[in-house]
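Comments concern the structure below.
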Amino acid sequence: MTIEFGNPDRPNSYIGKTVPRPNAGRLVQGRGRYVDDIVLPRMVHVAFVRSPFAHARITGIDAGEVKSVKGVLRVFTGKDIAEVCTPWVAVLAHLKGLKSPPEYPIAVDRACWVGEPVAAVVATSRAAAEDGAALIDVDYDPLPVVTDMMSALDADTPVLHEDMGDNLAFRRLHEAGDVEAAFKSAHKVVSTRFRTARHTGVTLEPRSILADWNPAEGQLTAYHATQAPHMIQTVLAEHLGVPEGRVRVICGDVGGSYGIKVHVYPDEVATAAIAKIMARPVKFVADRLESFTTDIHARDHEIEARIAVEEDGSITAMDIDDWTAIGAYSVYPRTSAIEGNQVVNLCGGPYDFKNYRAQTTVVFQNKTPTCQYRAVGHPIAVAITEGLVDQAAAELGMDPVEIRRRNMFRDDAYPVTSPANMRFEGLSHHASMDKLMALMDYDGLRAEQAELRKAGIHRGIGIASFIELTNPSPFMYGIGGARISAQDGCTVRMDPDGSLVALSGVTEQGQGTEAMLSQIVAEGVGVSPDKVRVITGDTQVTPYGGGTWASRGAGIGGEAALQSARALRESILTVAAAMLQTEQSRLDIRDGQVVDAATGDNRMPLEELGRIVYFRGDTLPKGLPRELVQTRHFITSDYPFAFTNGVQASYLEVDIETGVVKLLKHWCVEDCGRIINPQLVDEQIRGGIVQGLGGALFEEIHYDADGQLLNGSMADYLVPMAAEMPDMVVGHVETPTKESMLGAKGAGEAGTAGAPAAVMNAINDALRPRGAQVTEMPFTPERILRALGVLKD
Amino acid sequence: MKASVGGYARASDLQHALELLSGSDGLGRVLAGGQSLIAAMNMRLSAGDLLVDISRVSELSGVSDAGDRLLIGALTRHVEIGRNPLIREYAPLLSQAVQYIAHAAIRNRGTIGGALAHADPAAEFPACILALGATLHIEGLTGRRDVAAEDFFQDVFETAIGEGEILTGISIPKTEANEAQVIEEVARRSGDYALAGLCLVKRSAGHRLALFSVGPRPLLARSAMAALDRGDLEGAAEALCDDMDPPSDTQASGAYRQHLAQVLLRRAVARIEGANA
């Protein structure tokens, strides 16, 4: 029996409705349990001594004074940890040519970025461990540093890792059609240099791990703030020499991840290694300064790009030369080549054109490693694409909406393959654009803009269409050899009182995964969502799965939940048919009652069925299947990724005397397929937009030429705050994927993907009459004034 | 990071606080609202301090009318400065400034004395009291002395407060009839320290213009003040460049700060003129 999603009056219609989050009350009452809340008997704390140099040989570590500090128990160097933990190399087979040297949990003889762990101090409190760490005397012999991206491959630039031969980590060129010919014959060619700044994710809860080695069981238990518990299980097992089945990763409440917590961090692995050596629980919670220097960074790109257009606005070619610097190591195990690779895959995404060339060049440098952060590569690719399209429109004297309409894949063109070889199952660029135009009253805004311009008020409207990669198959990591599951599973069981427990391999990071799962299971079985308890984040309890990344929770984890719930429904009805002596097909489950499918009349509450199955099974026919627990796994197979699409718009005002941008309003229309919980989706979009706006206007990690990080605090690294955020209007078009019964695609990254480009285009729309343009993010007041030629120096 | 504190004592009155300070061998640190000190301690920028908590010394809090002057106790919190009717009437510059200071939680605890004694060159209150020509009252075990705002701020985080002394309050000359006071600043985000800011006071005796976030301490822009007194706004804007040499950092270059100060001066004058029109 299929679910009539189109009928809002169907029974148990929880999918598609905003229902309360089961964990919301707990979290807002401060009853959550984060890693830092967990206290175990004999638990100790670790603090790390971190390199103050971007590149230095470690010639000696004197810990003589440290043990005099009250509470300090032990000091570990890189060599000590290397005895129980093997180094890792973050490469993947399908990213051809990607190289990275072995990385140790604690630097053994050479530190390669400011913040790299150099020694660890274990004490009975974090404060005592810090007191001890301050007394460790490390002798450094500073080495030449590589800090500039664009000269990293020059002959006279020192090579960061001698064994690697050069500073090139990865390079990929993709070419389709005849790009040179297209540019030669183009009506107009527009070229621009773009720059996106180095960011980090700034999770509310910092990275945290509490590792406990129990030698009596031979088991390592890690309470970990992570997005991918099963992946971490594999990594800890492999590098600490413990059988995978004897590593248990428990991921309770997590205070935000944004991709930051899907990676393997040296200090976290070191903490687990120390727990194994000391045979007692060891806790590490990063402080904010450590977060800025050691959480992965992202988005540090410089791009030369050009677009060729015909007189009628048709795009004939795009040519992208992307450079990114990833810090000293490729990050394990997802690697740091993915972001550049995504730029190659995603540029030009919404548009139907033939000739496309894109190259990414990924280099090493002595800075904090970069890796996947929310909307990996998307904000960069969308900024390049939409920046070029807007500039081409301006050159042609064409409206920016019109040029997009002339080039976007038609809504009836699917399935279709993009010039970057991305396969799209079904997108809705035109329907989304139409909806956006109506939501924002585009023509009215244009009129208002023109009117205000006469009064010397400089407002701009920026549009950004985008695609978003979600629901990844093994094509993302698995084919490269990483033990990262693209499949996910869910077990749903009914207990005697008729309540349900759902165990899922996807994880809750605070984004509402458990709410989404509870309403799917509720509808799938036929109970109200408050009858469903959801358990996630325990590798010894839940089905094996990938966790939360690449906007896969709803599309993959949700489908597994739906299928297992439907299977359990069948099991329940099999028993019910026997008890009620009727045909199974004549029964349904609605709101916790077995009912007559035709009339809706109650036949039996689920708790009565539970009572009989669990306590009076003797009254049921011998041999009757009575498994009130079902597990299903789901993996996509028709497409490597489920692409979503959407379009954003920004309306803002530029103060041309100060350069300050005031965001007035923001719109996003997106198509994530089936919407399970409208409020959660809208808030994902809004939160994503906020992070995108941060990148557009505020966020930038600064390093000096010696590789010193200059703004490692919340006072200096500016995250977007509520006061600066505009009202956001979110609209939806729904094109469900046909790969699943549920039809859901991801929604977690669309906001971040498109917001920076929309703001950039709006600022440039405001500045265009004055002949100015900005393409270097963030668009600080000073950069805007310099573009306007106001500051001369 | 976890703070590393040498000790803590809560003073019951001013005399007690001064005694605690003098007995601390130079390690004493006065704790009032704690909005800068605690943050610094939590980053171990300051460690081993013997904290002397004066937050319960009620004699240091509150605003009173002292004839031609207003007396503001050092422990008066930002939120109270913002809503106090005497300040709104006789020193409106301070009321206006409060909206720019950080966020509500910080304004609820931070004190004006703490902000002045901390002497952050990017903070609003130091520039305000400089523009207002306030007098700062400082007490030690040996007695009380008064310091003019011009002489109080010496360098980044450095003031005229000596070892063992406590800033107890400030006196501000009340506004004259027709006096105008405005504050203008540009910050990256609401509540951030300004990239540049200024306080402009127009009195019968002349203009007073204090700049903040453009140097190591709040600056009285004397050349610009002289030009304003001559009625020469563009001359004043030009002269601002002589009055300051702002630093460059990750937020803004010195050149941008200088440009901003000029823009803000024009806006401040326009606001005053607009109000008089």
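Identifiers for the structure tokens are assigned positionally: chains receive A, B, ... in sequence, residues are indexed from 1 per chain, and ligands are indexed from 1 in the order shown.
Residue list for chain A within 7 Å of chain B: A:Ala127, A:Asp287, A:Glu657, A:Thr658, A:His702, A:Ala723, A:Glu724, A:Glu782, A:Leu791, A:Asp793, counting only C-alpha atoms.
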Members of segment 518-685 of chain A assigned helix (DSSP H, G or I) by DSSP, as a ChimeraX atom specification: /A:518-525,529-531,553-580,584-586,606-615,617-619,678-685
Include C-alpha atoms and write out the residues we just selected as a short mmCIF file (atom, residue, chain, number, x, y, z; two decimals), in the first residue's frame.
data_model
loop_
_atom_site.label_atom_id
_atom_site.label_comp_id
_atom_site.auth_asym_id
_atom_site.auth_seq_id
_atom_site.Cartn_x
_atom_site.Cartn_y
_atom_site.Cartn_z
CA SER A 518 9.65 10.32 14.48
CA GLN A 519 7.02 11.71 12.14
CA ILE A 520 8.03 9.38 9.31
CA VAL A 521 7.85 6.36 11.62
CA ALA A 522 4.58 7.64 13.08
CA GLU A 523 2.99 7.87 9.66
CA GLY A 524 4.66 4.71 8.38
CA VAL A 525 3.20 2.58 11.20
CA PRO A 529 4.61 11.00 16.76
CA ASP A 530 4.67 11.21 20.57
CA LYS A 531 4.43 7.40 20.64
CA GLY A 553 19.61 12.55 6.84
CA ALA A 554 16.09 12.94 5.48
CA GLY A 555 16.64 11.52 2.00
CA ILE A 556 18.57 8.39 3.04
CA GLY A 557 17.88 7.95 6.76
CA GLY A 558 14.28 9.06 6.33
CA GLU A 559 13.63 6.52 3.58
CA ALA A 560 15.15 3.71 5.67
CA ALA A 561 12.85 4.79 8.51
CA LEU A 562 9.82 4.82 6.24
CA GLN A 563 10.55 1.38 4.81
CA SER A 564 11.17 -0.17 8.22
CA ALA A 565 8.04 1.49 9.58
CA ARG A 566 5.95 0.15 6.70
CA ALA A 567 7.44 -3.31 7.25
CA LEU A 568 6.56 -3.16 10.94
CA ARG A 569 3.04 -2.08 10.02
CA GLU A 570 2.72 -5.22 7.91
CA SER A 571 4.01 -7.38 10.78
CA ILE A 572 1.53 -5.82 13.18
CA LEU A 573 -1.33 -6.30 10.76
CA THR A 574 -0.37 -9.95 10.21
CA VAL A 575 -0.84 -10.55 13.93
CA ALA A 576 -3.95 -8.38 14.03
CA ALA A 577 -5.57 -10.30 11.15
CA ALA A 578 -5.00 -13.54 13.03
CA MET A 579 -6.40 -12.13 16.26
CA LEU A 580 -9.41 -10.53 14.59
CA GLN A 584 -4.91 -8.37 6.60
CA SER A 585 -5.83 -6.18 3.63
CA ARG A 586 -9.05 -5.15 5.38
CA LEU A 606 -2.02 -1.58 19.59
CA GLU A 607 -1.41 -2.09 23.29
CA GLU A 608 -3.86 -4.99 23.29
CA LEU A 609 -1.99 -6.52 20.39
CA GLY A 610 1.25 -5.91 22.29
CA ARG A 611 -0.14 -7.54 25.41
CA ILE A 612 -1.11 -10.66 23.51
CA VAL A 613 2.15 -10.94 21.52
CA TYR A 614 4.49 -10.38 24.45
CA PHE A 615 2.57 -12.00 27.36
CA GLY A 617 1.69 -15.55 22.75
CA ASP A 618 0.27 -18.95 23.61
CA THR A 619 -3.11 -17.74 22.34
CA PRO A 678 8.00 22.40 6.74
CA GLN A 679 9.24 24.29 9.77
CA LEU A 680 12.44 22.28 10.05
CA VAL A 681 13.10 22.75 6.34
CA ASP A 682 12.45 26.48 6.52
CA GLU A 683 14.75 26.83 9.51
CA GLN A 684 17.44 24.79 7.76
CA ILE A 685 17.16 27.19 4.84
#
List the neighbours of Thr536 of chain A out to 6 Å using only C-alpha atoms; skip same-chain residues closer than 2 positions along the sequence, and give me the result as a PyMOL selection string. chain A and resi 503-504+507
Keeping only C-alpha atoms, take the residues you just selected and write them out as a CSV table (one decimal), in the first residue's frame.
chain,number,residue,atom,x,y,z
A,503,LEU,CA,16.9,3.2,15.9
A,504,SER,CA,18.6,5.1,13.1
A,507,THR,CA,22.5,11.4,13.7
Step one, run DSSP on the backbone; step two, keep only residues of segment 27-202 of chain B assigned to strand (DSSP E); then write them as number ranges by chain. B: 28-31, 50-53, 63-66, 69-73, 135-140, 143-148, 153-155, 158-159, 166-173, 180-186, 196-202
With C-alpha atoms retained, write the just-selected residues as an mmCIF file, in the first residue's frame.
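As written to disk, again_33.cif reads:
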data_model
loop_
_atom_site.group_PDB
_atom_site.id
_atom_site.type_symbol
_atom_site.label_atom_id
_atom_site.label_comp_id
_atom_site.auth_asym_id
_atom_site.auth_seq_id
_atom_site.Cartn_x
_atom_site.Cartn_y
_atom_site.Cartn_z
ATOM 1 C CA GLY B 28 45.384 43.159 43.184
ATOM 2 C CA ARG B 29 42.852 43.684 40.428
ATOM 3 C CA VAL B 30 39.601 45.502 40.996
ATOM 4 C CA LEU B 31 36.604 43.458 39.860
ATOM 5 C CA LEU B 50 44.088 38.722 43.452
ATOM 6 C CA LEU B 51 40.581 39.905 42.701
ATOM 7 C CA VAL B 52 39.106 42.616 44.871
ATOM 8 C CA ASP B 53 35.394 42.526 44.195
ATOM 9 C CA VAL B 63 23.705 59.191 39.739
ATOM 10 C CA SER B 64 23.191 62.389 41.706
ATOM 11 C CA ASP B 65 22.611 66.051 41.008
ATOM 12 C CA ALA B 66 25.445 68.179 42.441
ATOM 13 C CA ARG B 69 27.501 69.010 37.818
ATOM 14 C CA LEU B 70 26.272 65.450 37.680
ATOM 15 C CA LEU B 71 27.997 62.925 39.874
ATOM 16 C CA ILE B 72 28.046 59.363 38.529
ATOM 17 C CA GLY B 73 29.257 56.566 40.770
ATOM 18 C CA THR B 135 36.518 65.006 36.073
ATOM 19 C CA LEU B 136 37.446 61.584 37.421
ATOM 20 C CA HIS B 137 37.529 60.956 41.156
ATOM 21 C CA ILE B 138 40.176 58.550 42.355
ATOM 22 C CA GLU B 139 40.725 57.362 45.923
ATOM 23 C CA GLY B 140 43.579 55.643 47.667
ATOM 24 C CA GLY B 143 43.280 60.307 50.115
ATOM 25 C CA ARG B 144 41.228 61.429 47.210
ATOM 26 C CA ARG B 145 42.314 63.242 44.057
ATOM 27 C CA ASP B 146 40.630 64.548 40.953
ATOM 28 C CA VAL B 147 41.940 64.064 37.436
ATOM 29 C CA ALA B 148 40.681 65.792 34.311
ATOM 30 C CA PHE B 153 43.735 58.276 29.496
ATOM 31 C CA GLN B 154 47.392 57.598 28.841
ATOM 32 C CA ASP B 155 47.773 54.634 26.506
ATOM 33 C CA GLU B 158 46.604 52.643 30.750
ATOM 34 C CA THR B 159 45.170 55.407 32.907
ATOM 35 C CA ILE B 166 40.208 52.950 42.841
ATOM 36 C CA LEU B 167 38.198 55.084 40.456
ATOM 37 C CA THR B 168 35.162 55.995 42.530
ATOM 38 C CA GLY B 169 33.165 58.209 40.213
ATOM 39 C CA ILE B 170 33.051 61.004 37.678
ATOM 40 C CA SER B 171 31.588 64.486 37.620
ATOM 41 C CA ILE B 172 30.244 65.945 34.448
ATOM 42 C CA PRO B 173 29.333 69.564 33.846
ATOM 43 C CA ALA B 180 24.305 69.765 21.587
ATOM 44 C CA GLN B 181 25.851 66.356 22.135
ATOM 45 C CA VAL B 182 26.042 63.590 19.551
ATOM 46 C CA ILE B 183 27.873 60.315 19.149
ATOM 47 C CA GLU B 184 28.464 58.648 15.783
ATOM 48 C CA GLU B 185 30.230 55.402 15.064
ATOM 49 C CA VAL B 186 30.550 52.666 12.495
ATOM 50 C CA ALA B 196 35.927 54.508 14.208
ATOM 51 C CA GLY B 197 33.709 56.778 16.207
ATOM 52 C CA LEU B 198 33.428 60.265 17.571
ATOM 53 C CA CYS B 199 31.650 62.347 20.179
ATOM 54 C CA LEU B 200 30.864 65.942 19.360
ATOM 55 C CA VAL B 201 29.788 68.458 21.997
ATOM 56 C CA LYS B 202 28.831 71.990 20.972
#
Of A:Asp441, A:Asp727, A:Glu217, A:Asp655, the one nearest to Ile784 of chain A when counting only C-alpha atoms is A:Asp655
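Across the model, the gap from atom CA of Ser223 of chain B to atom CA of Ala123 of chain B is 22.3 Å.
Shortest atom-to-atom contact with Met278 of chain A among A:Asn677, A:Thr324, A:Ser151, A:Asn214: A:Asn214, counting only C-alpha atoms.
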Env of Ile106 of chain B: 9 Å cut, atoms = only C-alpha atoms, seq-sep filter 4 positions within chain, self excluded. Answer as a ChimeraX atom specification. /B:33,35,78-79,101-102,110
Could you tell me how far atom CA of Leu236 of chain A sits from atom CA of Arg42 of chain A, in Å to one decimal place? 21.7 Å
Could you pull the residues within 10 Å of Gly478 of chain A, counting only C-alpha atoms, minus those fewer than 4 positions along the same chain, as JSON, numbers by chain? {"A": [92, 93, 94, 334, 473, 474, 482, 483, 484, 485, 486]}
Contacts of Met225 of chain B at 7 Å (only C-alpha atoms; same-chain gap of 2+ positions) as a list in words: His207, Arg208, Leu209, Ala221, Arg222, Ser223, Ala227, Leu228, Asp229 and Ala236 of chain B
Restrict the selected residues to C-alpha atoms and save them as a PDB file, in the first residue's frame.
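Final output, result_6.pdb:
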ATOM      1  CA  HIS B 207      33.249  72.550  20.235  1.00  0.00           C
ATOM      2  CA  ARG B 208      34.704  69.502  21.886  1.00  0.00           C
ATOM      3  CA  LEU B 209      35.377  66.555  19.595  1.00  0.00           C
ATOM      4  CA  ALA B 221      40.764  66.430  18.051  1.00  0.00           C
ATOM      5  CA  ARG B 222      42.010  69.911  18.857  1.00  0.00           C
ATOM      6  CA  SER B 223      42.752  71.137  15.324  1.00  0.00           C
ATOM      7  CA  ALA B 227      38.182  74.681  12.737  1.00  0.00           C
ATOM      8  CA  LEU B 228      34.651  73.880  13.904  1.00  0.00           C
ATOM      9  CA  ASP B 229      34.761  76.901  16.195  1.00  0.00           C
ATOM     10  CA  ALA B 236      37.709  70.458  10.409  1.00  0.00           C
TER      11      ALA B 236
END
Gap from atom CA of Ser713 of chain A to atom CA of Thr293 of chain A - Å, one decimal: 9.7 Å
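Near Pro142 of chain A, within a cut-off of 12 Å and counting only C-alpha atoms, sit the residues Ser51, Pro52, Phe53, Ala54, His55, Ala56, Arg57, Ile58, Thr59, Asp109, Arg110, Ala111, Cys112, Trp113, Val114, Val138, Asp139, Tyr140, Pro144, Val145, Asp706 and Gly707 of chain A, with same-chain residues fewer than 2 positions away left out.
Counting only C-alpha atoms, the residue from B:Gly206, B:Gly231, B:Gly113, B:Pro126 that sits nearest to Ser61 of chain B is B:Gly113.
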